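Participant: Quick one, structure-v6.txt (compact mmCIF, C-alpha atoms):
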```txt
# COMPACT_ATOMS: atom_id res chain seq x y z
CA MET A 1 0.00 0.00 0.00
CA ALA A 2 1.26 3.47 -0.84
CA SER A 3 1.77 5.90 2.02
CA CYS A 4 -0.16 9.12 2.52
CA ASP A 5 -0.19 11.42 5.51
CA LEU A 6 -1.23 14.96 6.26
CA SER A 7 2.32 16.21 5.88
CA ASN A 8 2.86 15.08 2.31
CA GLN A 9 -0.50 15.17 0.56
CA TRP A 10 -3.00 18.02 0.59
CA VAL A 11 -0.93 20.29 2.81
CA ASP A 12 2.08 20.09 0.51
CA LEU A 13 -0.01 20.30 -2.66
CA LEU A 14 -1.88 23.50 -1.81
CA PRO A 15 -0.53 27.07 -1.83
CA ASP A 16 0.22 28.70 1.49
CA GLY A 17 -1.97 31.63 2.48
CA ARG A 18 -4.42 31.52 -0.41
CA PRO A 19 -6.83 29.08 -2.06
CA ALA A 20 -5.72 26.99 -5.02
CA LEU A 21 -7.44 27.75 -8.31
CA MET A 22 -8.76 24.62 -10.01
CA GLY A 23 -9.49 25.31 -13.67
CA ILE A 24 -12.34 23.32 -15.22
CA VAL A 25 -11.96 21.41 -18.50
CA ASN A 26 -15.22 19.69 -19.47
CA ILE A 27 -14.56 17.33 -22.38
CA THR A 28 -18.23 16.67 -23.02
CA PRO A 29 -20.92 17.60 -25.53
CA ASP A 30 -23.47 18.47 -22.83
CA SER A 31 -22.02 20.05 -19.68
CA PHE A 32 -24.33 22.70 -18.20
CA SER A 33 -22.15 25.74 -18.93
CA ASP A 34 -19.64 24.94 -21.65
CA GLY A 35 -20.78 21.66 -23.18
CA GLY A 36 -19.24 21.02 -26.58
CA GLN A 37 -16.69 23.84 -26.46
CA PHE A 38 -13.77 21.56 -25.63
CA TYR A 39 -15.09 18.22 -26.85
CA GLU A 40 -12.38 17.73 -29.47
CA VAL A 41 -9.01 16.70 -28.05
CA GLN A 42 -7.08 19.63 -29.48
CA ASP A 43 -9.70 22.09 -28.24
CA ALA A 44 -9.38 20.58 -24.77
CA ILE A 45 -5.58 20.80 -24.88
CA ASN A 46 -5.79 24.42 -26.02
CA HIS A 47 -8.07 25.17 -23.09
CA VAL A 48 -5.67 23.47 -20.69
CA GLN A 49 -2.94 25.77 -22.03
CA LYS A 50 -5.18 28.83 -21.57
CA LEU A 51 -6.06 27.94 -17.97
CA ILE A 52 -2.43 27.30 -17.02
CA SER A 53 -1.40 30.61 -18.57
CA ALA A 54 -4.21 32.31 -16.62
CA GLY A 55 -2.77 30.98 -13.37
CA ALA A 56 -4.54 27.70 -12.61
CA ASP A 57 -2.85 25.71 -9.87
CA ILE A 58 -4.82 22.56 -10.72
CA ILE A 59 -6.44 21.44 -13.96
CA ASP A 60 -9.68 19.51 -13.39
CA ILE A 61 -10.46 17.25 -16.35
CA GLY A 62 -13.79 15.52 -16.73
CA GLY A 63 -15.32 13.41 -19.51
CA GLU A 64 -18.86 12.95 -18.19
CA SER A 65 -21.47 15.66 -17.79
CA THR A 66 -23.14 15.50 -14.38
CA ARG A 67 -25.57 18.36 -14.90
CA PRO A 68 -29.19 17.68 -13.84
CA GLY A 69 -30.76 15.27 -16.32
CA ALA A 70 -27.47 14.18 -17.88
CA ALA A 71 -27.14 10.64 -19.21
CA PRO A 72 -24.25 8.50 -17.87
CA VAL A 73 -21.15 7.86 -19.98
CA THR A 74 -19.28 4.55 -20.16
CA PRO A 75 -15.85 4.42 -18.55
CA LYS A 76 -14.41 3.48 -21.95
CA GLU A 77 -15.76 6.69 -23.47
CA GLU A 78 -14.58 8.73 -20.48
CA LEU A 79 -11.09 7.34 -20.94
CA ARG A 80 -11.14 8.15 -24.65
CA ARG A 81 -12.12 11.73 -23.93
CA THR A 82 -9.84 12.51 -21.02
CA MET A 83 -6.53 10.67 -21.13
CA GLY A 84 -4.91 12.71 -23.93
CA PRO A 85 -5.58 16.14 -22.42
CA LEU A 86 -4.75 14.80 -18.96
CA ALA A 87 -1.37 13.51 -20.14
CA TYR A 88 -0.68 16.88 -21.78
CA ALA A 89 -1.51 18.73 -18.55
CA VAL A 90 0.76 16.39 -16.57
CA GLU A 91 3.61 17.07 -19.01
CA THR A 92 3.39 20.79 -18.26
CA GLY A 93 4.16 20.05 -14.61
CA THR A 94 0.73 21.21 -13.45
CA LEU A 95 -1.21 19.33 -10.80
CA VAL A 96 -4.16 17.52 -12.41
CA SER A 97 -7.52 16.40 -11.04
CA ILE A 98 -9.59 13.71 -12.75
CA ASP A 99 -13.30 14.42 -12.32
CA THR A 100 -14.81 10.94 -12.45
CA ARG A 101 -16.94 8.49 -10.49
CA ASN A 102 -15.62 5.39 -12.29
CA ALA A 103 -12.72 3.30 -11.00
CA ALA A 104 -11.41 2.43 -14.48
CA VAL A 105 -10.97 6.13 -15.28
CA MET A 106 -9.32 6.76 -11.92
CA ARG A 107 -6.92 3.91 -12.59
CA GLY A 108 -6.05 5.33 -16.01
CA ALA A 109 -5.33 8.74 -14.52
CA LEU A 110 -3.28 7.28 -11.67
CA ARG A 111 -0.67 6.11 -14.14
CA HIS A 112 0.56 9.65 -13.45
CA ARG A 113 0.50 8.91 -9.72
CA ASP A 114 2.47 11.84 -8.33
CA THR A 115 0.47 14.58 -10.01
CA VAL A 116 -3.14 13.35 -10.00
CA ILE A 117 -6.03 14.09 -7.64
CA ILE A 118 -9.26 12.05 -7.65
CA ASN A 119 -12.33 14.31 -7.70
CA ASP A 120 -15.40 12.09 -7.29
CA ILE A 121 -18.89 13.62 -7.13
CA SER A 122 -20.16 10.35 -5.65
CA ALA A 123 -17.54 10.34 -2.86
CA LEU A 124 -16.35 6.87 -3.97
CA ARG A 125 -19.86 5.37 -3.82
CA ASN A 126 -20.71 4.98 -7.51
CA ASP A 127 -18.21 2.23 -8.30
CA SER A 128 -17.42 -0.39 -5.66
CA LYS A 129 -13.87 -0.70 -7.03
CA SER A 130 -13.13 2.99 -6.41
CA ILE A 131 -12.65 2.70 -2.67
CA GLU A 132 -10.43 -0.35 -3.16
CA LEU A 133 -8.29 1.57 -5.65
CA VAL A 134 -7.78 4.66 -3.51
CA ILE A 135 -6.97 2.57 -0.45
CA GLN A 136 -4.28 0.82 -2.48
CA GLU A 137 -2.88 3.96 -4.13
CA GLN A 138 -3.63 6.59 -1.44
CA PRO A 139 -3.96 9.58 -3.79
CA PRO A 140 -5.41 12.89 -2.69
CA VAL A 141 -9.20 12.58 -3.01
CA ILE A 142 -12.09 15.06 -3.00
CA LEU A 143 -15.25 13.59 -1.48
CA MET A 144 -18.34 15.50 -2.59
CA HIS A 145 -21.86 15.54 -1.22
CA MET A 146 -24.54 14.75 -3.79
CA ALA A 147 -28.17 13.90 -3.03
CA GLY A 148 -29.41 11.27 -5.49
CA GLU A 149 -28.11 10.80 -9.02
CA PRO A 150 -27.36 13.45 -11.67
CA ALA A 151 -30.44 12.54 -13.74
CA THR A 152 -32.86 13.30 -10.90
CA MET A 153 -30.89 15.03 -8.15
CA ASN A 154 -32.53 18.44 -8.54
CA ASP A 155 -36.12 17.19 -8.63
CA ASP A 156 -37.43 19.00 -5.53
CA PRO A 157 -34.47 18.36 -3.15
CA HIS A 158 -35.41 18.49 0.54
CA TYR A 159 -33.36 18.72 3.75
CA ASP A 160 -34.32 19.11 7.39
CA ASP A 161 -31.33 21.44 7.86
CA ILE A 162 -29.19 21.79 4.75
CA VAL A 163 -25.98 22.80 6.52
CA ALA A 164 -26.21 20.25 9.34
CA ASP A 165 -27.35 17.50 6.97
CA VAL A 166 -24.45 18.06 4.56
CA ILE A 167 -21.91 18.34 7.38
CA ASN A 168 -23.13 15.13 8.99
CA TRP A 169 -23.03 13.31 5.66
CA LEU A 170 -19.51 14.52 4.84
CA VAL A 171 -18.23 13.53 8.28
CA SER A 172 -19.85 10.12 7.98
CA ARG A 173 -18.38 9.54 4.54
CA ALA A 174 -14.91 10.66 5.54
CA GLU A 175 -15.03 8.40 8.59
CA PHE A 176 -16.16 5.47 6.44
CA CYS A 177 -13.27 5.98 4.02
CA MET A 178 -10.74 6.30 6.84
CA ALA A 179 -12.07 3.16 8.53
CA ALA A 180 -11.67 1.34 5.21
CA GLY A 181 -8.01 2.37 5.04
CA LEU A 182 -7.78 5.77 3.36
CA ASP A 183 -5.42 8.04 5.27
CA ARG A 184 -7.00 11.18 6.72
CA GLY A 185 -4.41 13.35 5.01
CA CYS A 186 -5.64 12.19 1.62
CA ILE A 187 -9.16 13.57 2.10
CA ALA A 188 -10.66 16.89 1.05
CA LEU A 189 -14.38 17.68 1.21
CA ASP A 190 -16.81 19.43 -1.14
CA PRO A 191 -20.37 20.37 -0.10
CA GLY A 192 -21.51 19.94 -3.71
CA LEU A 193 -23.22 23.18 -4.63
CA GLY A 194 -25.86 22.50 -7.28
CA PHE A 195 -25.79 18.74 -6.77
CA GLY A 196 -29.18 17.92 -5.32
CA LYS A 197 -29.62 21.44 -3.94
CA ALA A 198 -32.01 24.27 -4.62
CA HIS A 199 -30.72 27.83 -4.97
CA ALA A 200 -31.46 28.59 -1.30
CA HIS A 201 -29.54 25.47 -0.25
CA ASP A 202 -26.48 26.60 -2.21
CA LEU A 203 -26.57 30.05 -0.62
CA ALA A 204 -26.92 28.60 2.88
CA LEU A 205 -23.93 26.28 2.32
CA LEU A 206 -21.81 29.14 1.00
CA ASP A 207 -22.80 31.35 3.92
CA ASN A 208 -21.89 28.59 6.40
CA LEU A 209 -18.83 27.26 4.61
CA ASP A 210 -16.64 28.07 7.62
CA ARG A 211 -18.51 25.37 9.56
CA ILE A 212 -17.40 22.80 7.00
CA VAL A 213 -13.84 24.17 7.06
CA ASP A 214 -13.87 23.72 10.84
CA LEU A 215 -14.09 19.94 10.32
CA GLY A 216 -10.34 20.07 9.69
CA PHE A 217 -10.19 18.84 6.08
CA PRO A 218 -9.28 20.99 3.07
CA VAL A 219 -12.52 22.18 1.48
CA CYS A 220 -13.16 22.48 -2.25
CA ILE A 221 -15.99 24.72 -3.42
CA GLY A 222 -17.47 24.76 -6.91
CA ALA A 223 -19.77 27.79 -7.14
CA SER A 224 -18.70 28.81 -10.63
CA ARG A 225 -21.69 29.66 -12.87
CA LYS A 226 -24.11 27.89 -10.51
CA LEU A 227 -25.66 30.71 -8.52
CA THR A 228 -27.49 32.44 -11.36
CA SER A 229 -30.34 31.33 -13.59
CA TRP A 230 -30.11 30.44 -17.26
CA SER A 231 -31.60 33.87 -18.07
CA ALA A 232 -28.63 35.65 -16.52
CA THR A 233 -26.15 37.28 -18.87
CA PRO A 234 -22.55 36.01 -19.14
CA THR A 235 -21.42 39.19 -17.38
CA THR A 236 -23.81 38.58 -14.48
CA ARG A 237 -22.68 34.96 -14.18
CA LEU A 238 -19.06 36.08 -14.10
CA VAL A 239 -19.67 38.72 -11.43
CA VAL A 240 -21.66 36.33 -9.25
CA SER A 241 -19.13 33.51 -9.71
CA THR A 242 -16.09 35.62 -8.80
CA THR A 243 -17.93 37.14 -5.84
CA ALA A 244 -18.85 33.67 -4.59
CA ALA A 245 -15.23 32.56 -5.00
CA VAL A 246 -13.99 35.46 -2.86
CA ILE A 247 -16.62 34.72 -0.19
CA ALA A 248 -15.59 31.05 -0.17
CA ALA A 249 -11.93 32.02 0.15
CA MET A 250 -12.67 34.35 3.06
CA LYS A 251 -14.54 31.54 4.78
CA GLY A 252 -11.54 29.25 4.47
CA ALA A 253 -11.99 27.25 1.26
CA ALA A 254 -8.68 25.67 0.22
CA ILE A 255 -9.64 24.98 -3.42
CA LEU A 256 -11.84 27.03 -5.75
CA ARG A 257 -13.10 25.07 -8.75
CA VAL A 258 -13.74 27.70 -11.43
CA HIS A 259 -14.28 28.21 -15.15
CA ASP A 260 -12.84 31.74 -15.23
CA VAL A 261 -9.35 31.45 -13.76
CA ALA A 262 -7.93 34.85 -14.71
CA GLU A 263 -10.99 36.73 -13.50
CA THR A 264 -11.14 34.80 -10.22
CA ARG A 265 -7.45 35.37 -9.69
CA GLY A 266 -7.97 39.09 -10.17
CA ALA A 267 -10.91 39.19 -7.75
CA LEU A 268 -8.86 37.41 -5.09
CA ARG A 269 -5.99 39.82 -5.60
CA ILE A 270 -8.36 42.76 -5.05
CA ALA A 271 -9.59 41.03 -1.89
CA GLY A 272 -6.03 41.06 -0.56
CA TYR A 273 -4.73 37.62 -1.39
CA ASP A 274 -1.16 37.17 -2.59
CA MET A 275 -1.75 35.41 -5.88
CA SER A 276 1.90 34.94 -6.80
CA ARG A 277 2.97 31.43 -7.73
CA SER A 278 4.17 29.24 -4.89
```
Could you show the structure in this file as structure tokens?
Facilitator:
Amino acid sequence: MASCDLSNQWVDLLPDGRPALMGIVNITPDSFSDGGQFYEVQDAINHVQKLISAGADIIDIGGESTRPGAAPVTPKEELRRTMGPLAYAVETGTLVSIDTRNAAVMRGALRHRDTVIINDISALRNDSKSIELVIQEQPPVILMHMAGEPATMNDDPHYDDIVADVINWLVSRAEFCMAAGLDRGCIALDPGLGFGKAHAHDLALLDNLDRIVDLGFPVCIGASRKLTSWSATPTTRLVVSTTAAVIAAMKGAAILRVHDVAETRGALRIAGYDMSRS
């Protein structure tokens, strides 16, 4: 079994004194915000280059749309879509995250063991082989809260107390993974804005993000382009997204998963963060 501890995984991967910027590369025809834009391999690689130049600390590559109502994609197709751009990103020396809920795709990405993060919206629940793989390899992992499945998750989601319910679920899932053999230092948490949550739920989680940070794990937040309606203009979406990113940073988020890296970087700089490379 590989070795992972708090001193040489997330703590060493993340910048000191500011959140890491995780740039999104959706290699899909149907993602909610940018579906089809980077579906061709060369388009995806070009976008990786753009995000790195804009200052991304991590490149998050995904080959399956998980927007509400999205159809699942086979692991074989995910691998076909993602492995080329992922290998390119690794070659640049940039930290890479594979956004997948399938063990076969995780395994393909982990050929680049020292530079790959597992970002699983199902928190290692979708594929029974996923937990076995991460216990063996001990990579850094982001466990995300999602109520239901992508196809139906936003059909009238209900919680008794959204913040307490999500916190309790994240703690329970982290404890399960640690009991199974995943080192605590390998785990980051994501409250999963937009994944089985209504607009009010997302706002409540963002407003109380410091309570999740207080659990003692690095926290990833993905508010980008989620807090406005489809009728909003691109400018409005950008303003809301960068504002949400700054709020999340001020509440202690360690990773900001964003579409607009340069703009988010600028907003954080205005807010007083040292955005120099580390």
Participant: Might you pull out every residue within 12 Å of Ser276 of chain A, with all atoms listed in the file counted and same-chain residues fewer than 5 positions away left off, and present them as a list in words?
Facilitator: Pro15, Asp16, Gly17, Arg18, Pro19, Ala20, Leu21, Ala54, Gly55, Ala56, Asp57, Arg265, Gly266, Leu268 and Arg269 of chain A
Participant: Could you check how far atom CA of Pro72 of chain A sits from atom CA of Glu149 of chain A, in Å to one decimal?
Facilitator: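 Going from atom CA of Pro72 of chain A over to atom CA of Glu149 of chain A, I get 9.9 Å.
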Participant: Interatomic distance between atom CA of Asp190 of chain A and atom CA of Gly222 of chain A?
Facilitator: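 Atom-to-atom, atom CA of Asp190 of chain A and atom CA of Gly222 of chain A are spaced 7.9 Å apart.
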Participant: So, with only C-alpha atoms as the atoms that count, which of A:Cys186, A:Ile61, A:Ile131, A:Ala123 lies closest to Arg173 of chain A?
Facilitator: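 That would be A:Ala123, the residue with the smallest distance to Arg173 of chain A.
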Participant: A:Val219, A:Ala198, A:Val134, A:Ala245: which is nearest Ala147 of chain A, counting only C-alpha atoms?
Facilitator: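 Of A:Val219, A:Ala198, A:Val134, A:Ala245, the one nearest Ala147 of chain A, counting only C-alpha atoms, is A:Ala198.
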Participant: Taking all listed atoms of segment 237-253 of chain A, build the axis-aligned box, pad each of the six sides by 3 Å, then write its centre and edge lengths in Å to one decimal as AutoDock Vina command-line options.
Facilitator:
```
--center_x -17.1 --center_y 33.0 --center_z -4.7 --size_x 17.1 --size_y 17.5 --size_z 25.0
```
Participant: Mind pulling up the distance from atom CA of Glu263 of chain A to atom CA of Ala44 of chain A?
Facilitator: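 Spanning atom CA of Ala44 of chain A to atom CA of Glu263 of chain A is a straight-line distance of 19.8 Å.
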Participant: Rank nothing, just name the residue among A:Asn119, A:Gln138, A:Thr235, A:Thr242 nearest to Cys220 of chain A, using only C-alpha atoms.
Facilitator: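 Among the listed residues, A:Asn119 lies closest to Cys220 of chain A.
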Participant: Around (-11.9, 31.7, -16.2) in the file's frame, which residues reach within 8 Å when counting all atoms listed in the file? Return as an MDAnalysis selection string?
Facilitator: chainID A and resid 23 51 54 258:264
Participant: Using all atoms listed in the file - which residues lie no farther than 10 Å from the point (-23.6, 26.1, -9.0) in the file's frame? Write them as a PyMOL selection string.
Facilitator: chain A and resi 32+67+192-195+197-199+202-203+221-229+241+244
Participant: With distances taken over only C-alpha atoms, which residue among A:Asp120, A:Asp274, A:Asp210, A:Glu91 lies nearest Gly62 of chain A?
Facilitator: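 Answer, going by the shortest atom-to-atom distance: A:Asp120.
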